[in-house]
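Colleague: Would you mind keeping the following structure in view while I ask a few things?
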Amino acid sequence: MNIYSLLARNASKFPAEEALVFRDERQTWEQLGKRVDKLAAAMARLGVRKGDRVAILLENCAQFVEIHFAAARLGAIGVPLNYRLVGDELAFILNNSETKMLFYGSKYLEVLGAVKKDLPLLKFYLEVSPDGGQYEEFLLSGDQPPEVGVQGEDPNVILYTSGTTGRPKGAVLTHDNSLWNALNMVIDARFEQTDRGIVIPPLYHSAALNCWMLPHVLVGAGLVIENSFDPRKLPQRLLEEKVTNIFLVPAMYSFLLQVPGLDNYDFSAIRIAGTGASIMPVELKQRVRKLFPEAGIIDVYGLTEAGPGVTILKPQDAFRKEGSVGKALTALEVRLVNGQGLDVPMGDVGEIIVRGPTVMRGYYNLPEATADALRNGWLYTGDLARQDEEGYLYVVDRKKDMVISGGENVYPAEVEAVLHRHPKILEAAVFGIPNAKWGESVWAVVVPKPGEQLTEDEVIQFTTGKLAGYKKPRRVEFAEALPRNPSGKVLKTVLRSKYSGDET
């Protein structure tokens, strides 16, 4: 099986049932299957072949789904792009992945134009405008796609995740990786064919793509695609489209619960309320349960390299195991190990390692990084956790000091690398401070060069155009020196402790 085979099966098994809703446009499984075939045929005629990389720079939309499956139909490898990145960041990923074709939204024409000269390997550009335009004309020009032997072990997507060097790394997930991840979610979250899921977090994230969109396709459940998160309009949308399954990061649930008049809505149809990216505070979880009284609340922990799902806290444990990320998904093994790779005693903190059919093939063109992450069949996550007497996991620290702000991953080393380019900055340390609205805020402590004067606004402004907006520091503090341990490593725990009480 491969990703496309799910769509082909649904087109045969549920031809007249609604598959996809985007704005006011509706497609049945049969209609979606035919459009994907036409798009694949047009791409093949243009020169896209098995193994070629096809990038997608779009907000959530029906076209994103069509392109994702059309690329899979040809055995091409999808490269979903974070549309919040700036030109240089996009150029690095497009070049590193050796992308051959790019589908992009009209609003990104300017940012792409600024770096087009730096993209020698990118041969084909296709604009996707709100009215269809060039994309629709291109799709309708397709006829019958060629028969391509796409196997489960073939690459399906390259999903880029930043590393400690500040350079993104492309995690290569095969069709089998994606299918097993979807199957795990179907089994443990109990998706059903009669469900109706709404996709709100961006599909360039592995969680929305493989843990939410694909499981619904696997069981033949309909999908409502939202291109942005608008908490004011969401309640009515949930009712109009008879949504049963919703997935939001904790910050999104917090915004939704601030919408006035929620008591006037009947959300009894909501069956599954999923969350991830960061632990949902129990107070927020209680408010979500009150809003969706018939829903089972699930927490999923994962990372891109694992497909991404690793563990799940099921509804029956949602309030019994506060702060836990649950147990391993069905087809996975999870262990906690020390620095020597040996299992730690129950209650002790160890690194989470994962083994199973969802784990990535490796990082694209990075054999050393791959060898460091994949050892003896196990994925070393870099995340630290402890386990209780019932086998439930509790994450205590995150990979490489990663900051999660509004559901977006921010890697401090990447931000620090930009700050260090400022001519007046000697040193900089970036870290996350808990924030009630966003989960965490990005903070920086800067040491100016001797004799230099800096302001907070000057430092933040320097990052404009060099970093996506969500990566930019929200606060900048100044110091004469950074706290370090005897080996010279910056003690970010000291910085977090010092400033955590200052966040509002």
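So you can find residues: chains in the structure tokens are A, B, ... in the order shown, residues in each start at 1, and ligands are numbered from 1 in order.
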So that I can see what lies close to Phe292 of chain A, please list as a list in words the residues with an atom at most 9 Å from it, counting only C-alpha atoms and leaving out residues fewer than 5 positions away in the same chain.

Modeller: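 In the requested format, the answer is Asp266, Phe267, Ser268, Ala269, Ile270, Arg271, Ile272, Ala273 and Arg287 of chain A.
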
Colleague: Neighbouring residues of Gly406 of chain A were defined as those with any atom within 9 Å, considering only C-alpha atoms; residues of the same chain fewer than 3 positions away were excluded. Please report them as an mmCIF file with N, CA and C atoms, in the first residue's frame.

Modeller:
```cif
data_model
loop_
_atom_site.group_PDB
_atom_site.id
_atom_site.type_symbol
_atom_site.label_atom_id
_atom_site.label_comp_id
_atom_site.auth_asym_id
_atom_site.auth_seq_id
_atom_site.Cartn_x
_atom_site.Cartn_y
_atom_site.Cartn_z
ATOM 1 N N VAL A 249 -3.874 22.913 19.332
ATOM 2 C CA VAL A 249 -2.840 22.996 20.362
ATOM 3 C C VAL A 249 -3.440 23.770 21.542
ATOM 4 N N PRO A 250 -2.872 23.610 22.742
ATOM 5 C CA PRO A 250 -3.476 24.254 23.924
ATOM 6 C C PRO A 250 -3.725 25.752 23.759
ATOM 7 N N ALA A 251 -2.801 26.467 23.122
ATOM 8 C CA ALA A 251 -2.990 27.911 22.951
ATOM 9 C C ALA A 251 -4.247 28.213 22.134
ATOM 10 N N MET A 252 -4.545 27.370 21.141
ATOM 11 C CA MET A 252 -5.745 27.569 20.326
ATOM 12 C C MET A 252 -7.009 27.342 21.150
ATOM 13 N N ALA A 277 1.616 19.130 21.009
ATOM 14 C CA ALA A 277 2.641 20.183 20.922
ATOM 15 C C ALA A 277 3.146 20.598 22.299
ATOM 16 N N ASN A 409 7.419 25.213 16.795
ATOM 17 C CA ASN A 409 8.723 24.903 17.382
ATOM 18 C C ASN A 409 9.723 26.009 17.081
ATOM 19 N N LYS A 437 -0.875 32.609 27.363
ATOM 20 C CA LYS A 437 -1.574 32.681 26.082
ATOM 21 C C LYS A 437 -0.936 31.776 25.036
ATOM 22 N N TRP A 438 0.398 31.803 24.927
ATOM 23 C CA TRP A 438 1.089 31.119 23.836
ATOM 24 C C TRP A 438 1.774 29.830 24.253
ATOM 25 N N GLY A 439 1.712 29.469 25.521
ATOM 26 C CA GLY A 439 2.461 28.313 25.991
ATOM 27 C C GLY A 439 3.834 28.738 26.469
ATOM 28 N N GLU A 440 4.594 29.360 25.569
ATOM 29 C CA GLU A 440 5.902 29.921 25.899
ATOM 30 C C GLU A 440 6.139 31.151 25.047
ATOM 31 N N SER A 441 6.937 32.077 25.565
ATOM 32 C CA SER A 441 7.416 33.234 24.806
ATOM 33 C C SER A 441 8.922 33.093 24.609
ATOM 34 N N TYR A 470 7.308 34.240 14.384
ATOM 35 C CA TYR A 470 7.125 33.537 15.654
ATOM 36 C C TYR A 470 8.454 33.168 16.312
#
```

Colleague: Write out as a list in words which residues come within 7 Å of Val476 of chain A when counting only C-alpha atoms, dropping same-chain ones fewer than 6 positions away.

Modeller: Trp443, Ala444, Val445 and Glu456 of chain A

Colleague: Between atom CA of Leu384 of chain A and atom CA of Thr275 of chain A, what is the distance, to one decimal in Å?

Modeller: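 Going from atom CA of Leu384 of chain A over to atom CA of Thr275 of chain A covers 20.0 Å.
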
Colleague: Distance table requested - segment 112-177 of chain A against segment 80-92 of chain A, cut-off 9 Å, only C-alpha atoms: one row per qualifying residue with the closest atom pair and its distance in Å to one decimal, ordered by chain and rising residue number, as JSON lines.

Modeller:
```
{"residue": "A:Leu112", "atom": "CA", "partner": "A:Gly87", "partner_atom": "CA", "distance": 6.3}
{"residue": "A:Gly113", "atom": "CA", "partner": "A:Gly87", "partner_atom": "CA", "distance": 8.7}
{"residue": "A:Ala114", "atom": "CA", "partner": "A:Gly87", "partner_atom": "CA", "distance": 6.9}
{"residue": "A:Val115", "atom": "CA", "partner": "A:Gly87", "partner_atom": "CA", "distance": 6.1}
{"residue": "A:Lys116", "atom": "CA", "partner": "A:Ala91", "partner_atom": "CA", "distance": 8.1}
{"residue": "A:Asp118", "atom": "CA", "partner": "A:Ala91", "partner_atom": "CA", "distance": 7.1}
{"residue": "A:Leu119", "atom": "CA", "partner": "A:Ala91", "partner_atom": "CA", "distance": 6.7}
{"residue": "A:Val157", "atom": "CA", "partner": "A:Pro80", "partner_atom": "CA", "distance": 7.8}
{"residue": "A:Ile158", "atom": "CA", "partner": "A:Pro80", "partner_atom": "CA", "distance": 7.5}
{"residue": "A:Leu159", "atom": "CA", "partner": "A:Pro80", "partner_atom": "CA", "distance": 6.6}
{"residue": "A:Tyr160", "atom": "CA", "partner": "A:Leu81", "partner_atom": "CA", "distance": 7.9}
{"residue": "A:Arg167", "atom": "CA", "partner": "A:Phe92", "partner_atom": "CA", "distance": 8.5}
{"residue": "A:Pro168", "atom": "CA", "partner": "A:Phe92", "partner_atom": "CA", "distance": 8.3}
```

Colleague: When DSSP is applied to the backbone of this structure, which of segment 19-127 of chain A are assigned strand (DSSP E or B)? Write them out as a list in words.

Modeller: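 Matching residues for strand (DSSP E or B) in segment 19-127 of chain A are Ala19, Leu20, Val21, Phe22, Glu25, Arg26, Gln27, Thr28, Arg53, Val54, Ala55, Ile56, Leu57, Ile77, Gly78, Val79, Pro80, Thr99, Lys100, Met101, Leu102, Phe103, Tyr104, Gly105, Phe124, Tyr125, Leu126 and Glu127 of chain A.
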
Colleague: Leu374 of chain A: which residues within 10 Å, counting only C-alpha atoms, same-chain residues fewer than 3 positions away excluded, as a list of chain:residue names?

Modeller: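 In the requested format, the answer is A:Glu305, A:Ile353, A:Val354, A:Arg355, A:Val359, A:Met360, A:Arg361, A:Gly362, A:Tyr363, A:Glu368, A:Ala369, A:Thr370, A:Ala371, A:Gly377, A:Trp378, A:Leu379, A:Tyr380, A:Thr381.
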
Colleague: Could you list, as a list of chain:residue names, every residue within 6 Å of Gly274 of chain A, counting only C-alpha atoms and ignoring same-chain residues fewer than 4 positions away?

Modeller: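 Final neighbour list, sorted by chain and number: A:Phe247, A:Ile297, A:Ile298.
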
Colleague: With N, CA and C atoms retained, could you export that selection as a PDB file, in the first residue's frame?

Modeller:
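result_8.pdb written:
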```
ATOM      1  N   PHE A 247      -8.882  18.971  16.541  1.00  0.00           N
ATOM      2  CA  PHE A 247      -7.527  18.950  17.102  1.00  0.00           C
ATOM      3  C   PHE A 247      -6.990  20.377  17.136  1.00  0.00           C
ATOM      4  N   ILE A 297     -11.065  13.487  25.494  1.00  0.00           N
ATOM      5  CA  ILE A 297      -9.897  14.351  25.277  1.00  0.00           C
ATOM      6  C   ILE A 297      -8.654  13.479  25.181  1.00  0.00           C
ATOM      7  N   ILE A 298      -7.906  13.652  24.097  1.00  0.00           N
ATOM      8  CA  ILE A 298      -6.675  12.883  23.913  1.00  0.00           C
ATOM      9  C   ILE A 298      -5.484  13.831  23.800  1.00  0.00           C
TER      10      ILE A 298
END
```

Colleague: Identify, with DSSP run on backbone atoms, the residues in segment 250-446 of chain A assigned to alpha helix (DSSP H), and express the list as an NGL selection string.

Modeller: :A and (250-256 or 282-291 or 367-373 or 412-419)

Colleague: Export C-alpha atoms of the chosen residues as a short mmCIF file (atom, residue, chain, number, x, y, z; two decimals), in the first residue's frame?

Modeller:
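Output file selection14.cif follows:
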```cif
data_model
loop_
_atom_site.label_atom_id
_atom_site.label_comp_id
_atom_site.auth_asym_id
_atom_site.auth_seq_id
_atom_site.Cartn_x
_atom_site.Cartn_y
_atom_site.Cartn_z
CA PRO A 250 -3.48 24.25 23.92
CA ALA A 251 -2.99 27.91 22.95
CA MET A 252 -5.75 27.57 20.33
CA TYR A 253 -8.15 26.05 22.85
CA SER A 254 -7.37 28.97 25.15
CA PHE A 255 -8.29 31.49 22.43
CA LEU A 256 -11.46 29.58 21.54
CA VAL A 282 -5.55 20.60 33.77
CA GLU A 283 -7.57 23.81 34.31
CA LEU A 284 -7.73 24.35 30.55
CA LYS A 285 -8.57 20.70 29.97
CA GLN A 286 -11.49 20.97 32.40
CA ARG A 287 -12.84 23.96 30.49
CA VAL A 288 -12.51 22.05 27.20
CA ARG A 289 -14.46 19.15 28.70
CA LYS A 290 -17.20 21.54 29.77
CA LEU A 291 -17.30 23.06 26.26
CA PRO A 367 24.40 10.54 7.25
CA GLU A 368 26.15 11.67 10.44
CA ALA A 369 23.02 13.24 11.91
CA THR A 370 21.07 10.13 10.92
CA ALA A 371 23.59 7.84 12.61
CA ASP A 372 23.39 9.96 15.76
CA ALA A 373 19.59 9.82 15.85
CA PRO A 412 17.14 28.74 20.29
CA ALA A 413 20.37 27.99 18.41
CA GLU A 414 18.80 29.25 15.19
CA VAL A 415 17.73 32.53 16.82
CA GLU A 416 21.08 32.89 18.57
CA ALA A 417 22.90 32.46 15.27
CA VAL A 418 21.02 35.46 13.87
CA LEU A 419 21.60 37.60 16.98
#
```

Colleague: Could you check which of A:Ala72, A:Val395, A:Val243, A:Leu238 is closest to Tyr265 of chain A, using only C-alpha atoms?

Modeller: A:Leu238

Colleague: List the spatial neighbours of Pro146 of chain A as a ChimeraX atom specification - criterion: any atom at most 12 Å away, only C-alpha atoms, same-chain residues fewer than 6 positions off excluded.

Modeller: /A:37-45,47-50,70,73-75

Colleague: So how many Å separate atom CA of Asp52 of chain A and atom CA of Lys169 of chain A, to one decimal?

Modeller: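 Separation of atom CA of Asp52 of chain A and atom CA of Lys169 of chain A: 18.1 Å.
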
Colleague: When you count only C-alpha atoms, which of these residues is closest to Phe138 of chain A: A:Leu426, A:Phe478, A:Val36, A:Arg53?

Modeller: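 Residue with the minimum atom-to-atom distance to Phe138 of chain A: A:Val36.
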
Colleague: Write out as a ChimeraX atom specification each polymer residue whose atoms come within 10 Å of segment 213-224 of chain A, counting only C-alpha atoms; drop sequence neighbours fewer than 6 positions from it.

Modeller: /A:3,5-7,9-11,13-14,17-23,26-29,61-62,65,178-187,189-200,203,206-207,237-238,241-243,245

Colleague: Atom CA of Leu122 of chain A and atom CA of Pro145 of chain A, how far apart in Å?

Modeller: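 Atom CA of Pro145 of chain A sits 22.3 Å away from atom CA of Leu122 of chain A.
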
Colleague: Which of these, A:Tyr392, A:Ala171, A:Gly296, A:Val349, has the shortest distance to Glu322 of chain A once you count only C-alpha atoms?

Modeller: A:Tyr392
